file target-v6.txt (compact mmCIF, C-alpha atoms and all ligand atoms)
# COMPACT_ATOMS: atom_id res chain seq x y z
CA MET A 1 88.09 -90.50 29.45
CA ARG A 2 86.87 -93.77 27.92
CA ILE A 3 86.91 -93.49 24.14
CA ALA A 4 85.53 -96.11 21.76
CA ILE A 5 87.24 -96.17 18.37
CA PHE A 6 85.42 -97.71 15.40
CA GLY A 7 87.78 -98.59 12.54
CA ALA A 8 90.68 -98.99 14.98
CA GLY A 9 92.43 -101.33 12.54
CA GLY A 10 92.81 -98.60 9.91
CA LEU A 11 95.10 -95.61 9.38
CA VAL A 12 93.22 -92.95 11.35
CA GLY A 13 91.75 -95.35 13.92
CA SER A 14 95.04 -97.06 14.82
CA HIS A 15 96.80 -93.72 15.33
CA ALA A 16 93.84 -92.49 17.39
CA ALA A 17 94.01 -95.55 19.66
CA ARG A 18 97.76 -95.03 20.20
CA PHE A 19 97.39 -91.28 20.76
CA PHE A 20 94.56 -91.53 23.31
CA ARG A 21 96.34 -94.31 25.22
CA SER A 22 99.54 -92.25 25.28
CA ARG A 23 97.51 -89.42 26.84
CA GLY A 24 96.26 -91.66 29.65
CA HIS A 25 92.76 -92.26 28.27
CA THR A 26 91.18 -95.70 27.95
CA ALA A 27 90.82 -96.42 24.24
CA ILE A 28 88.56 -99.32 23.30
CA ALA A 29 89.36 -100.61 19.80
CA ILE A 30 86.27 -101.74 17.89
CA GLY A 31 86.46 -103.37 14.48
CA ARG A 32 85.28 -106.31 12.45
CA SER A 33 88.70 -107.95 12.06
CA GLY A 34 92.19 -108.02 13.61
CA ALA A 35 93.19 -107.69 17.26
CA MET A 36 90.23 -105.63 18.52
CA ASP A 37 88.96 -105.16 22.10
CA ILE A 38 85.44 -105.61 20.73
CA VAL A 39 84.55 -107.23 17.42
CA ALA A 40 81.57 -105.65 15.65
CA ASP A 41 80.47 -105.02 12.10
CA ALA A 42 79.10 -101.49 12.26
CA THR A 43 76.62 -102.09 9.45
CA ASP A 44 74.69 -104.12 12.07
CA SER A 45 72.93 -101.60 14.33
CA ALA A 46 72.32 -104.17 17.12
CA ALA A 47 76.03 -105.09 17.10
CA VAL A 48 76.97 -101.40 17.42
CA GLN A 49 74.62 -100.91 20.37
CA LYS A 50 75.94 -104.06 22.05
CA ALA A 51 79.55 -102.93 21.53
CA LEU A 52 78.83 -99.54 23.11
CA ALA A 53 76.95 -101.10 26.02
CA LYS A 54 80.13 -103.11 26.70
CA ALA A 55 82.59 -100.25 26.06
CA LYS A 56 80.66 -97.65 28.13
CA PRO A 57 82.46 -94.75 26.41
CA ASP A 58 82.37 -91.04 27.21
CA ALA A 59 83.27 -90.35 23.58
CA ILE A 60 83.39 -92.22 20.29
CA ILE A 61 85.50 -91.82 17.15
CA ASN A 62 84.12 -93.19 13.91
CA ALA A 63 87.16 -93.79 11.68
CA ILE A 64 85.44 -96.35 9.46
CA LYS A 65 85.61 -96.28 5.71
CA CYS A 66 85.08 -98.94 3.10
CA ARG A 67 88.29 -100.95 2.84
CA MET A 68 89.00 -100.37 -0.85
CA PRO A 69 90.73 -97.72 -2.95
CA THR A 70 88.44 -94.74 -3.54
CA ASP A 71 88.35 -95.45 -7.27
CA ALA A 72 86.90 -98.92 -6.58
CA ALA A 73 83.91 -97.42 -4.71
CA GLU A 74 82.63 -96.21 -8.07
CA THR A 75 81.74 -99.77 -9.02
CA ALA A 76 81.46 -101.48 -5.59
CA LYS A 77 78.72 -99.00 -4.64
CA ASN A 78 76.80 -101.24 -2.26
CA GLU A 79 79.85 -102.12 -0.14
CA ALA A 80 80.97 -98.49 -0.06
CA TRP A 81 77.48 -97.32 0.97
CA LEU A 82 77.25 -99.88 3.79
CA SER A 83 80.56 -98.90 5.43
CA ASN A 84 80.46 -95.17 4.72
CA VAL A 85 76.77 -94.39 5.23
CA VAL A 86 74.92 -97.21 7.02
CA ALA A 87 77.70 -97.78 9.58
CA ALA A 88 78.01 -94.02 10.19
CA GLU A 89 74.27 -93.72 10.76
CA ASN A 90 74.23 -96.70 13.15
CA ILE A 91 77.11 -95.28 15.20
CA ALA A 92 75.58 -91.79 15.34
CA ALA A 93 72.19 -93.10 16.49
CA ALA A 94 73.81 -95.39 19.07
CA SER A 95 76.09 -92.61 20.35
CA CYS A 96 73.06 -90.61 21.50
CA LYS A 97 71.49 -93.64 23.22
CA ALA A 98 74.84 -94.30 24.94
CA GLY A 99 75.16 -90.63 25.99
CA ALA A 100 78.62 -90.41 24.39
CA ARG A 101 79.97 -87.56 22.26
CA LEU A 102 80.80 -88.51 18.69
CA VAL A 103 83.73 -87.51 16.48
CA HIS A 104 82.81 -88.52 12.95
CA ILE A 105 85.73 -88.50 10.51
CA SER A 106 84.60 -87.25 7.13
CA SER A 107 86.38 -86.13 3.99
CA ALA A 108 87.19 -82.81 2.33
CA TRP A 109 86.27 -84.57 -0.90
CA VAL A 110 82.73 -83.34 -0.22
CA TYR A 111 84.02 -80.08 -1.81
CA GLU A 112 84.56 -79.64 -5.54
CA GLY A 113 88.22 -78.60 -5.22
CA LYS A 114 88.25 -76.12 -8.10
CA GLU A 115 91.37 -74.08 -8.88
CA GLY A 116 91.24 -70.61 -7.34
CA GLU A 117 88.54 -71.50 -4.78
CA SER A 118 88.90 -71.84 -1.02
CA TYR A 119 86.44 -73.78 1.08
CA ASN A 120 85.14 -73.07 4.57
CA GLU A 121 82.60 -75.13 6.49
CA GLU A 122 79.71 -73.11 4.98
CA SER A 123 80.82 -73.69 1.37
CA ILE A 124 78.53 -75.59 -0.96
CA THR A 125 79.38 -79.27 -1.17
CA TYR A 126 79.82 -80.81 -4.61
CA PRO A 127 81.01 -84.44 -4.48
CA LEU A 128 82.72 -85.43 -7.73
CA ASN A 129 82.59 -89.21 -7.32
CA PHE A 130 80.61 -91.93 -5.52
CA TYR A 131 83.02 -92.22 -2.57
CA ALA A 132 82.75 -88.46 -1.95
CA TYR A 133 78.97 -88.66 -2.33
CA THR A 134 78.75 -91.33 0.41
CA LYS A 135 80.82 -89.10 2.72
CA ALA A 136 78.49 -86.13 2.09
CA VAL A 137 75.33 -88.20 2.72
CA ALA A 138 76.88 -89.68 5.88
CA GLU A 139 77.57 -86.20 7.30
CA GLU A 140 73.90 -85.24 6.94
CA ARG A 141 72.68 -88.44 8.54
CA VAL A 142 75.20 -88.26 11.38
CA LEU A 143 74.15 -84.71 12.25
CA HIS A 144 70.49 -85.69 11.98
CA HIS A 145 70.94 -88.47 14.58
CA ALA A 146 73.60 -86.75 16.69
CA PRO A 147 73.27 -82.94 16.32
CA ASN A 148 76.10 -82.39 18.81
CA ALA A 149 78.57 -84.56 16.91
CA LEU A 150 81.91 -83.26 15.67
CA VAL A 151 82.33 -83.85 11.94
CA LEU A 152 85.95 -83.52 10.80
CA ARG A 153 86.54 -83.02 7.06
CA SER A 154 89.99 -84.37 6.39
CA ASP A 155 92.16 -84.93 3.32
CA CYS A 156 95.43 -86.59 2.31
CA VAL A 157 95.94 -88.26 5.68
CA PHE A 158 99.40 -89.72 6.26
CA GLY A 159 100.77 -92.02 8.94
CA GLU A 160 101.46 -95.71 9.16
CA ASP A 161 98.45 -97.87 8.40
CA PRO A 162 98.75 -101.43 9.82
CA HIS A 163 97.86 -102.68 6.30
CA LEU A 164 100.64 -100.53 4.73
CA ALA A 165 98.06 -99.19 2.25
CA ASP A 166 98.59 -95.49 3.04
CA PHE A 167 100.64 -92.92 1.10
CA PHE A 168 103.63 -92.92 3.47
CA SER A 169 103.86 -96.71 3.85
CA ARG A 170 103.58 -97.23 0.09
CA LEU A 171 106.32 -94.63 -0.48
CA LYS A 172 108.54 -96.28 2.14
CA THR A 173 108.00 -99.72 0.57
CA ALA A 174 108.71 -98.41 -2.95
CA CYS A 175 111.94 -96.81 -1.72
CA LYS A 176 113.07 -100.02 0.01
CA LYS A 177 112.40 -102.04 -3.15
CA GLY A 178 113.73 -99.33 -5.50
CA GLU A 179 110.39 -99.29 -7.30
CA LYS A 180 108.86 -96.23 -8.94
CA PHE A 181 106.33 -94.37 -6.77
CA PRO A 182 103.84 -92.45 -8.94
CA ALA A 183 102.68 -89.21 -7.25
CA ALA A 184 100.30 -86.72 -8.84
CA GLN A 185 101.83 -83.34 -9.69
CA GLY A 186 98.45 -81.80 -10.45
CA GLN A 187 96.55 -82.78 -7.29
CA PHE A 188 96.88 -80.32 -4.41
CA SER A 189 95.75 -80.62 -0.80
CA GLN A 190 96.71 -79.83 2.79
CA PRO A 191 98.10 -83.12 4.16
CA ILE A 192 97.52 -84.06 7.78
CA PHE A 193 99.13 -86.68 10.03
CA ALA A 194 96.66 -89.23 11.45
CA GLY A 195 98.10 -88.58 14.92
CA GLU A 196 97.34 -84.87 14.48
CA ILE A 197 93.67 -85.69 13.77
CA ALA A 198 93.64 -87.55 17.10
CA ARG A 199 95.29 -84.61 18.91
CA LEU A 200 92.75 -82.18 17.44
CA SER A 201 89.88 -84.54 18.33
CA GLU A 202 90.99 -84.56 21.96
CA ALA A 203 91.09 -80.74 22.00
CA LEU A 204 87.69 -80.43 20.31
CA LEU A 205 86.10 -82.89 22.74
CA ALA A 206 87.55 -80.93 25.66
CA SER A 207 86.22 -77.66 24.20
CA LYS A 208 82.62 -78.96 23.95
CA ALA A 209 82.54 -77.69 20.35
CA SER A 210 80.20 -79.37 17.87
CA GLY A 211 79.40 -79.34 14.16
CA ILE A 212 81.53 -79.42 11.03
CA PHE A 213 85.26 -78.57 11.05
CA ASN A 214 87.75 -78.55 8.20
CA CYS A 215 90.51 -80.74 9.62
CA VAL A 216 93.59 -80.54 7.39
CA GLY A 217 97.11 -79.20 7.73
CA PRO A 218 98.07 -75.57 7.03
CA ASP A 219 100.46 -76.35 4.14
CA TYR A 220 99.07 -76.60 0.57
CA LEU A 221 101.11 -78.77 -1.80
CA SER A 222 100.87 -81.45 -4.48
CA ARG A 223 101.04 -85.18 -3.81
CA HIS A 224 104.34 -85.15 -5.72
CA SER A 225 105.81 -82.41 -3.49
CA LEU A 226 104.62 -84.29 -0.39
CA ALA A 227 106.44 -87.45 -1.53
CA ILE A 228 109.63 -85.45 -2.20
CA THR A 229 109.36 -83.72 1.21
CA MET A 230 108.90 -87.08 2.95
CA CYS A 231 111.92 -88.53 1.11
CA GLY A 232 114.05 -85.61 2.29
CA LEU A 233 113.05 -85.99 5.93
CA PHE A 234 113.16 -89.78 6.11
CA GLY A 235 116.30 -90.22 3.99
CA PHE A 236 114.50 -92.05 1.17
CA ASP A 237 115.79 -91.99 -2.42
CA LYS A 238 113.91 -89.15 -4.18
CA SER A 239 114.54 -90.63 -7.61
CA VAL A 240 111.82 -93.27 -7.04
CA VAL A 241 109.16 -90.53 -6.97
CA ALA A 242 107.70 -90.30 -10.46
CA PRO A 243 105.38 -87.48 -11.57
CA ALA A 244 101.99 -88.96 -12.39
CA PRO A 245 99.06 -87.43 -14.25
CA HIS A 246 95.84 -87.35 -12.18
CA SER A 247 93.96 -88.07 -15.41
CA ALA A 248 95.16 -91.69 -15.12
CA ARG A 249 92.54 -92.20 -12.40
CA ALA A 250 89.24 -93.94 -13.04
CA ILE A 251 87.25 -91.25 -11.21
CA ARG A 252 87.07 -87.47 -11.06
CA VAL A 253 88.73 -86.17 -7.88
CA PRO A 254 88.99 -82.69 -6.37
CA LEU A 255 92.33 -81.35 -7.60
CA PHE A 256 92.73 -78.05 -5.75
CA LEU A 257 91.49 -78.58 -2.20
CA ARG A 258 92.43 -75.34 -0.49
CA LEU A 259 90.64 -75.28 2.87
CA ASP A 260 90.09 -72.49 5.34
CA ILE A 261 91.11 -73.87 8.75
CA SER A 262 90.47 -70.78 10.85
CA LYS A 263 87.51 -72.48 12.60
CA ILE A 264 89.53 -75.42 13.93
CA ASN A 265 92.52 -73.14 14.61
CA SER A 266 90.31 -71.08 16.93
CA VAL A 267 89.95 -74.17 19.14
CA CYS A 268 93.39 -75.73 18.70
CA LYS A 269 96.11 -74.61 16.29
CA VAL A 270 96.89 -77.24 13.66
CA LYS A 271 100.63 -78.03 13.54
CA SER A 272 102.73 -77.22 10.46
CA LEU A 273 103.53 -80.02 8.00
CA ASP A 274 107.15 -80.06 9.20
CA ALA A 275 106.04 -80.48 12.82
CA GLN A 276 103.56 -83.22 11.87
CA LEU A 277 106.18 -85.10 9.84
CA SER A 278 108.53 -84.80 12.78
CA ASP A 279 105.81 -86.32 15.03
CA LEU A 280 105.46 -89.20 12.56
CA LYS A 281 109.23 -89.71 12.56
CA GLN A 282 109.36 -89.76 16.34
CA GLY A 283 106.44 -92.20 16.49
CA ALA A 284 104.46 -89.64 18.47
CA SER A 285 101.26 -91.64 18.08
N1 LIG A 301 93.22 -91.95 4.32
C1 LIG A 301 92.97 -90.73 3.89
O1 LIG A 301 93.80 -90.12 3.17
C2 LIG A 301 91.70 -90.04 4.26
C3 LIG A 301 91.46 -88.77 3.70
C4 LIG A 301 90.31 -88.09 4.06
C5 LIG A 301 89.41 -88.64 4.93
N2 LIG A 301 89.66 -89.88 5.43
C6 LIG A 301 88.65 -90.44 6.33
O2 LIG A 301 89.26 -90.93 7.50
C7 LIG A 301 88.48 -92.04 8.01
C8 LIG A 301 89.38 -93.22 8.22
O3 LIG A 301 90.04 -93.52 6.99
P1 LIG A 301 91.32 -94.47 6.94
O4 LIG A 301 92.15 -94.00 5.81
O5 LIG A 301 91.89 -94.59 8.31
O6 LIG A 301 90.63 -95.85 6.50
P2 LIG A 301 91.26 -97.31 6.48
O7 LIG A 301 92.70 -97.29 6.77
O8 LIG A 301 90.80 -97.93 5.19
O9 LIG A 301 90.53 -98.02 7.70
C9 LIG A 301 89.15 -98.14 7.71
C10 LIG A 301 88.73 -99.07 8.82
O10 LIG A 301 87.31 -99.19 8.79
C11 LIG A 301 86.99 -100.54 9.06
N3 LIG A 301 85.66 -100.89 8.55
C12 LIG A 301 85.21 -100.80 7.29
N4 LIG A 301 83.94 -101.21 7.24
C13 LIG A 301 83.59 -101.57 8.51
C14 LIG A 301 82.42 -102.09 9.10
N5 LIG A 301 81.32 -102.32 8.39
N6 LIG A 301 82.41 -102.34 10.43
C15 LIG A 301 83.52 -102.12 11.18
N7 LIG A 301 84.67 -101.63 10.68
C16 LIG A 301 84.70 -101.37 9.35
C17 LIG A 301 88.08 -101.33 8.35
O11 LIG A 301 88.11 -102.62 8.91
P3 LIG A 301 88.57 -103.93 8.10
O12 LIG A 301 90.07 -103.93 8.24
O13 LIG A 301 87.87 -105.03 8.80
O14 LIG A 301 88.14 -103.73 6.68
C18 LIG A 301 89.31 -100.49 8.67
O15 LIG A 301 89.89 -100.87 9.89
C19 LIG A 301 87.37 -92.28 6.97
O16 LIG A 301 86.22 -91.59 7.37
C20 LIG A 301 87.91 -91.62 5.72
O17 LIG A 301 86.90 -91.21 4.85
C21 LIG A 301 90.79 -90.60 5.12
call {"tool": "encode", "arguments": {"input": "target-v6.txt", "output": "structure tokens"}}
result
Amino acid sequence: MRIAIFGAGGLVGSHAARFFRSRGHTAIAIGRSGAMDIVADATDSAAVQKALAKAKPDAIINAIKCRMPTDAAETAKNEAWLSNVVAAENIAAASCKAGARLVHISSAWVYEGKEGESYNEESITYPLNFYAYTKAVAEERVLHHAPNALVLRSDCVFGEDPHLADFFSRLKTACKKGEKFPAAQGQFSQPIFAGEIARLSEALLASKASGIFNCVGPDYLSRHSLAITMCGLFGFDKSVVAPAPHSARAIRVPLFLRLDISKINSVCKVKSLDAQLSDLKQGAS
């Protein structure tokens, strides 16, 4: 299969490109900077159409998000809107014209994440901050333009981002330098390896499924516990991991994101956290 990957220079996109190539597919990396097969700013609809005319994909992954910490989106609203909503809409509209199936990566932050609640794909969305709001609006617009798209709601994605801005790379760097790594004890989620999102995308595309899927791991734990678990497996010094209060953040975030993953499991069983960490360690994708 030929698969065009928007945002191929980021965490999810770079792992997707590696995974699909390792599976014998032709992955065409599309981005606005870095070593890309095709350079395009996805906020420009003509540039997106031109890129797809060149790539001739059977399927597309949109792994674009505004390149800034989520807290910063609260003030840099225009930039966040352009990358998270306008680009998503352009890619969805162009995917139909190109006759290619679309996997749109979204966020589980569209849910409120209230203690004691569990969220399935039918649950009411309740974005708590501007970044989450852009992700919720993008989902609606993507499904309006491309009703057969796959929309994957992910959370706490780990892997190795080329910019070293992700959770795992920052932990690794802090351990190397012996610097404190603050990790929230009161923020819970179901972490997922970026390579696992790619593996699930391949299975979903093969199944001809469409619509919204919760796409997170099966294990529910705090950011702090995740950092400690990673230290144990990768031989990092656990003493650098410092408990951090989530209240230090500039924005409200969902704190208890417990997601029902039975829908995605019915297509392809999501691997356990241990198995996903082991894939990361082995450089599986
Ligand atoms: N990381 C997580 O924990 C997490 C959690 C839940 C959901 N997600 C979702 O997963 C997806 C990918 O996130 P990520 O963490 O992989 O993001 P990332 O590492 O920040 O990468 C985002 C990529 O998007 C590109 N981009 C931004 N605006 C663009 C534009 N206008 N045109 C073309 N490319 C553009 C960036 O390119 P430049 O380098 O040129 O800026 C970058 O390569 C997003 O939908 C995000 O919401 C991520």
call {"tool": "atom_distance", "arguments": {"input": "target-v6.txt", "atom1": "atom CA of A:Val86", "atom2": "atom CA of A:Gly13"}}
result
18.3 Å
call {"tool": "atom_distance", "arguments": {"input": "target-v6.txt", "atom1": "atom CA of A:Ser222", "atom2": "atom CA of A:Ser239"}}
result
16.8 Å
call {"tool": "residues_near_point", "arguments": {"input": "target-v6.txt", "point": "(109.1, -91.7, -4.3)", "cutoff": "6 Å", "atoms": "only C-alpha atoms", "output": "ChimeraX atom specification"}}
result
/A:171,181,227,238,240-241
call {"tool": "write_last_selection", "arguments": {"input": "target-v6.txt", "atoms": "C-alpha atoms", "output": "short mmCIF file (atom, residue, chain, number, x, y, z; two decimals), in the frame of the given file"}}
result
data_model
loop_
_atom_site.label_atom_id
_atom_site.label_comp_id
_atom_site.auth_asym_id
_atom_site.auth_seq_id
_atom_site.Cartn_x
_atom_site.Cartn_y
_atom_site.Cartn_z
CA LEU A 171 106.32 -94.63 -0.48
CA PHE A 181 106.33 -94.37 -6.77
CA ALA A 227 106.44 -87.45 -1.53
CA LYS A 238 113.91 -89.15 -4.18
CA VAL A 240 111.82 -93.27 -7.04
CA VAL A 241 109.16 -90.53 -6.97
#
call {"tool": "closest_atom_pairs", "arguments": {"input": "target-v6.txt", "of": "chain A", "to": "ligand LIG 301 (chain A)", "cutoff": "7 Å", "atoms": "only C-alpha atoms and all ligand atoms", "output": "JSON lines"}}
result
{"residue": "A:Phe6", "atom": "CA", "partner": "A:LIG301", "partner_atom": "N7", "distance": 6.2}
{"residue": "A:Gly7", "atom": "CA", "partner": "A:LIG301", "partner_atom": "O10", "distance": 3.8}
{"residue": "A:Ala8", "atom": "CA", "partner": "A:LIG301", "partner_atom": "O15", "distance": 5.5}
{"residue": "A:Gly9", "atom": "CA", "partner": "A:LIG301", "partner_atom": "O15", "distance": 3.7}
{"residue": "A:Gly10", "atom": "CA", "partner": "A:LIG301", "partner_atom": "O9", "distance": 3.2}
{"residue": "A:Leu11", "atom": "CA", "partner": "A:LIG301", "partner_atom": "O5", "distance": 3.5}
{"residue": "A:Val12", "atom": "CA", "partner": "A:LIG301", "partner_atom": "O5", "distance": 3.7}
{"residue": "A:Gly13", "atom": "CA", "partner": "A:LIG301", "partner_atom": "O5", "distance": 5.7}
{"residue": "A:Gly31", "atom": "CA", "partner": "A:LIG301", "partner_atom": "N7", "distance": 4.5}
{"residue": "A:Arg32", "atom": "CA", "partner": "A:LIG301", "partner_atom": "O13", "distance": 4.7}
{"residue": "A:Ser33", "atom": "CA", "partner": "A:LIG301", "partner_atom": "O13", "distance": 4.5}
{"residue": "A:Ala40", "atom": "CA", "partner": "A:LIG301", "partner_atom": "C15", "distance": 6.0}
{"residue": "A:Asp41", "atom": "CA", "partner": "A:LIG301", "partner_atom": "N6", "distance": 3.7}
{"residue": "A:Ala42", "atom": "CA", "partner": "A:LIG301", "partner_atom": "N6", "distance": 3.9}
{"residue": "A:Thr43", "atom": "CA", "partner": "A:LIG301", "partner_atom": "N5", "distance": 4.8}
{"residue": "A:Ala63", "atom": "CA", "partner": "A:LIG301", "partner_atom": "C8", "distance": 4.2}
{"residue": "A:Ile64", "atom": "CA", "partner": "A:LIG301", "partner_atom": "O10", "distance": 3.5}
{"residue": "A:Lys65", "atom": "CA", "partner": "A:LIG301", "partner_atom": "C9", "distance": 4.5}
{"residue": "A:Cys66", "atom": "CA", "partner": "A:LIG301", "partner_atom": "C12", "distance": 4.6}
{"residue": "A:Arg67", "atom": "CA", "partner": "A:LIG301", "partner_atom": "O8", "distance": 4.6}
{"residue": "A:Met68", "atom": "CA", "partner": "A:LIG301", "partner_atom": "O8", "distance": 6.8}
{"residue": "A:Leu82", "atom": "CA", "partner": "A:LIG301", "partner_atom": "N5", "distance": 6.6}
{"residue": "A:Ser83", "atom": "CA", "partner": "A:LIG301", "partner_atom": "N4", "distance": 4.5}
{"residue": "A:Ala87", "atom": "CA", "partner": "A:LIG301", "partner_atom": "N5", "distance": 5.9}
{"residue": "A:Ile105", "atom": "CA", "partner": "A:LIG301", "partner_atom": "O16", "distance": 4.4}
{"residue": "A:Ser106", "atom": "CA", "partner": "A:LIG301", "partner_atom": "O16", "distance": 4.6}
{"residue": "A:Ser107", "atom": "CA", "partner": "A:LIG301", "partner_atom": "C5", "distance": 4.0}
{"residue": "A:Ala108", "atom": "CA", "partner": "A:LIG301", "partner_atom": "C4", "distance": 6.4}
{"residue": "A:Lys135", "atom": "CA", "partner": "A:LIG301", "partner_atom": "O17", "distance": 6.8}
{"residue": "A:Arg153", "atom": "CA", "partner": "A:LIG301", "partner_atom": "C5", "distance": 6.7}
{"residue": "A:Ser154", "atom": "CA", "partner": "A:LIG301", "partner_atom": "C4", "distance": 4.4}
{"residue": "A:Asp155", "atom": "CA", "partner": "A:LIG301", "partner_atom": "C4", "distance": 3.7}
{"residue": "A:Cys156", "atom": "CA", "partner": "A:LIG301", "partner_atom": "O1", "distance": 4.0}
{"residue": "A:Val157", "atom": "CA", "partner": "A:LIG301", "partner_atom": "O1", "distance": 3.8}
{"residue": "A:Phe158", "atom": "CA", "partner": "A:LIG301", "partner_atom": "O1", "distance": 6.4}
{"residue": "A:Asp161", "atom": "CA", "partner": "A:LIG301", "partner_atom": "O7", "distance": 6.0}
{"residue": "A:Asp166", "atom": "CA", "partner": "A:LIG301", "partner_atom": "N1", "distance": 6.6}
call {"tool": "closest_residue", "arguments": {"input": "target-v6.txt", "among": "A:Ala146, A:Ile61, A:Met1, A:Ile91", "to": "A:Gly211", "atoms": "only C-alpha atoms"}}
result
A:Ala146
call {"tool": "closest_residue", "arguments": {"input": "target-v6.txt", "among": "A:Arg23, A:Lys180, A:Arg223, A:Lys114", "to": "A:Arg258", "atoms": "all atoms listed in the file"}}
result
A:Lys114
call {"tool": "atom_distance", "arguments": {"input": "target-v6.txt", "atom1": "atom CA of A:Gly159", "atom2": "atom CA of A:Pro245"}}
result
23.7 Å
call {"tool": "closest_residue", "arguments": {"input": "target-v6.txt", "among": "A:Ser225, A:Ser169, A:Ser247, A:Ser266", "to": "A:Ser207", "atoms": "all atoms listed in the file"}}
result
A:Ser266
call {"tool": "residues_around", "arguments": {"input": "target-v6.txt", "residues": "A:Arg2", "least_positions_apart": "3", "cutoff": "9 Å", "atoms": "only C-alpha atoms", "output": "PDB file with C-alpha atoms, in the coordinates of the input"}}
result
ATOM      1  CA  HIS A  25      92.760 -92.260  28.270  1.00  0.00           C
ATOM      2  CA  THR A  26      91.180 -95.700  27.950  1.00  0.00           C
ATOM      3  CA  ALA A  27      90.820 -96.420  24.240  1.00  0.00           C
ATOM      4  CA  ILE A  28      88.560 -99.320  23.300  1.00  0.00           C
ATOM      5  CA  ALA A  55      82.590-100.250  26.060  1.00  0.00           C
ATOM      6  CA  LYS A  56      80.660 -97.650  28.130  1.00  0.00           C
ATOM      7  CA  PRO A  57      82.460 -94.750  26.410  1.00  0.00           C
ATOM      8  CA  ASP A  58      82.370 -91.040  27.210  1.00  0.00           C
ATOM      9  CA  ALA A  59      83.270 -90.350  23.580  1.00  0.00           C
ATOM     10  CA  ILE A  60      83.390 -92.220  20.290  1.00  0.00           C
TER      11      ILE A  60
END
call {"tool": "residues_around", "arguments": {"input": "target-v6.txt", "residues": "A:Ala136", "least_positions_apart": "3", "cutoff": "6 Å", "atoms": "only C-alpha atoms", "output": "VMD selection string"}}
result
chain A and resid 110 133 139
call {"tool": "residues_around", "arguments": {"input": "target-v6.txt", "residues": "A:Arg18", "least_positions_apart": "2", "cutoff": "9 Å", "atoms": "all atoms listed in the file", "output": "PyMOL selection string"}}
result
chain A and resi 13-16+20-23+27+195+284-285
call {"tool": "closest_residue", "arguments": {"input": "target-v6.txt", "among": "A:Glu89, A:Ser118, A:Pro182, A:Met36", "to": "A:Phe167", "atoms": "only C-alpha atoms"}}
result
A:Pro182
call {"tool": "axis_aligned_box", "arguments": {"input": "target-v6.txt", "around": "stretch 219-225 of chain A", "padding_each_side": "8 Å", "output": "JSON"}}
result
{"center_x": 102.4, "center_y": -80.8, "center_z": -0.8, "size_x": 22.7, "size_y": 24.8, "size_z": 25.9}
call {"tool": "closest_residue", "arguments": {"input": "target-v6.txt", "among": "A:Leu52, A:Ala76, A:Leu143, A:Leu128", "to": "A:Ala88", "atoms": "all atoms listed in the file"}}
result
A:Leu143
call {"tool": "residues_around", "arguments": {"input": "target-v6.txt", "residues": "A:Leu259", "least_positions_apart": "2", "cutoff": "7 Å", "atoms": "only C-alpha atoms", "output": "JSON, numbers by chain"}}
result
{"A": [118, 119, 120, 214, 257, 261]}
call {"tool": "closest_residue", "arguments": {"input": "target-v6.txt", "among": "A:Asp37, A:Asp237, A:Asp219, A:Glu179", "to": "A:Ala17", "atoms": "all atoms listed in the file"}}
result
A:Asp37
call {"tool": "residues_near_point", "arguments": {"input": "target-v6.txt", "point": "(117.0, -92.7, 1.0)", "cutoff": "12 Å", "atoms": "only C-alpha atoms", "output": "tab-separated table (two decimals) with C-alpha atoms, in the frame of the given file"}}
result
chain	number	residue	atom	x	y	z
A	171	LEU	CA	106.32	-94.63	-0.48
A	172	LYS	CA	108.54	-96.28	2.14
A	173	THR	CA	108.00	-99.72	0.57
A	174	ALA	CA	108.71	-98.41	-2.95
A	175	CYS	CA	111.94	-96.81	-1.72
A	176	LYS	CA	113.07	-100.02	0.01
A	177	LYS	CA	112.40	-102.04	-3.15
A	178	GLY	CA	113.73	-99.33	-5.50
A	228	ILE	CA	109.63	-85.45	-2.20
A	229	THR	CA	109.36	-83.72	1.21
A	230	MET	CA	108.90	-87.08	2.95
A	231	CYS	CA	111.92	-88.53	1.11
A	232	GLY	CA	114.05	-85.61	2.29
A	233	LEU	CA	113.05	-85.99	5.93
A	234	PHE	CA	113.16	-89.78	6.11
A	235	GLY	CA	116.30	-90.22	3.99
A	236	PHE	CA	114.50	-92.05	1.17
A	237	ASP	CA	115.79	-91.99	-2.42
A	238	LYS	CA	113.91	-89.15	-4.18
A	239	SER	CA	114.54	-90.63	-7.61
A	240	VAL	CA	111.82	-93.27	-7.04
A	241	VAL	CA	109.16	-90.53	-6.97
call {"tool": "residues_around", "arguments": {"input": "target-v6.txt", "residues": "A:Glu115", "least_positions_apart": "2", "cutoff": "10 Å", "atoms": "all atoms listed in the file", "output": "list in words"}}
result
Glu112, Gly113, Glu117, Ser118, Phe188, Pro254, Leu255, Phe256, Leu257 and Arg258 of chain A
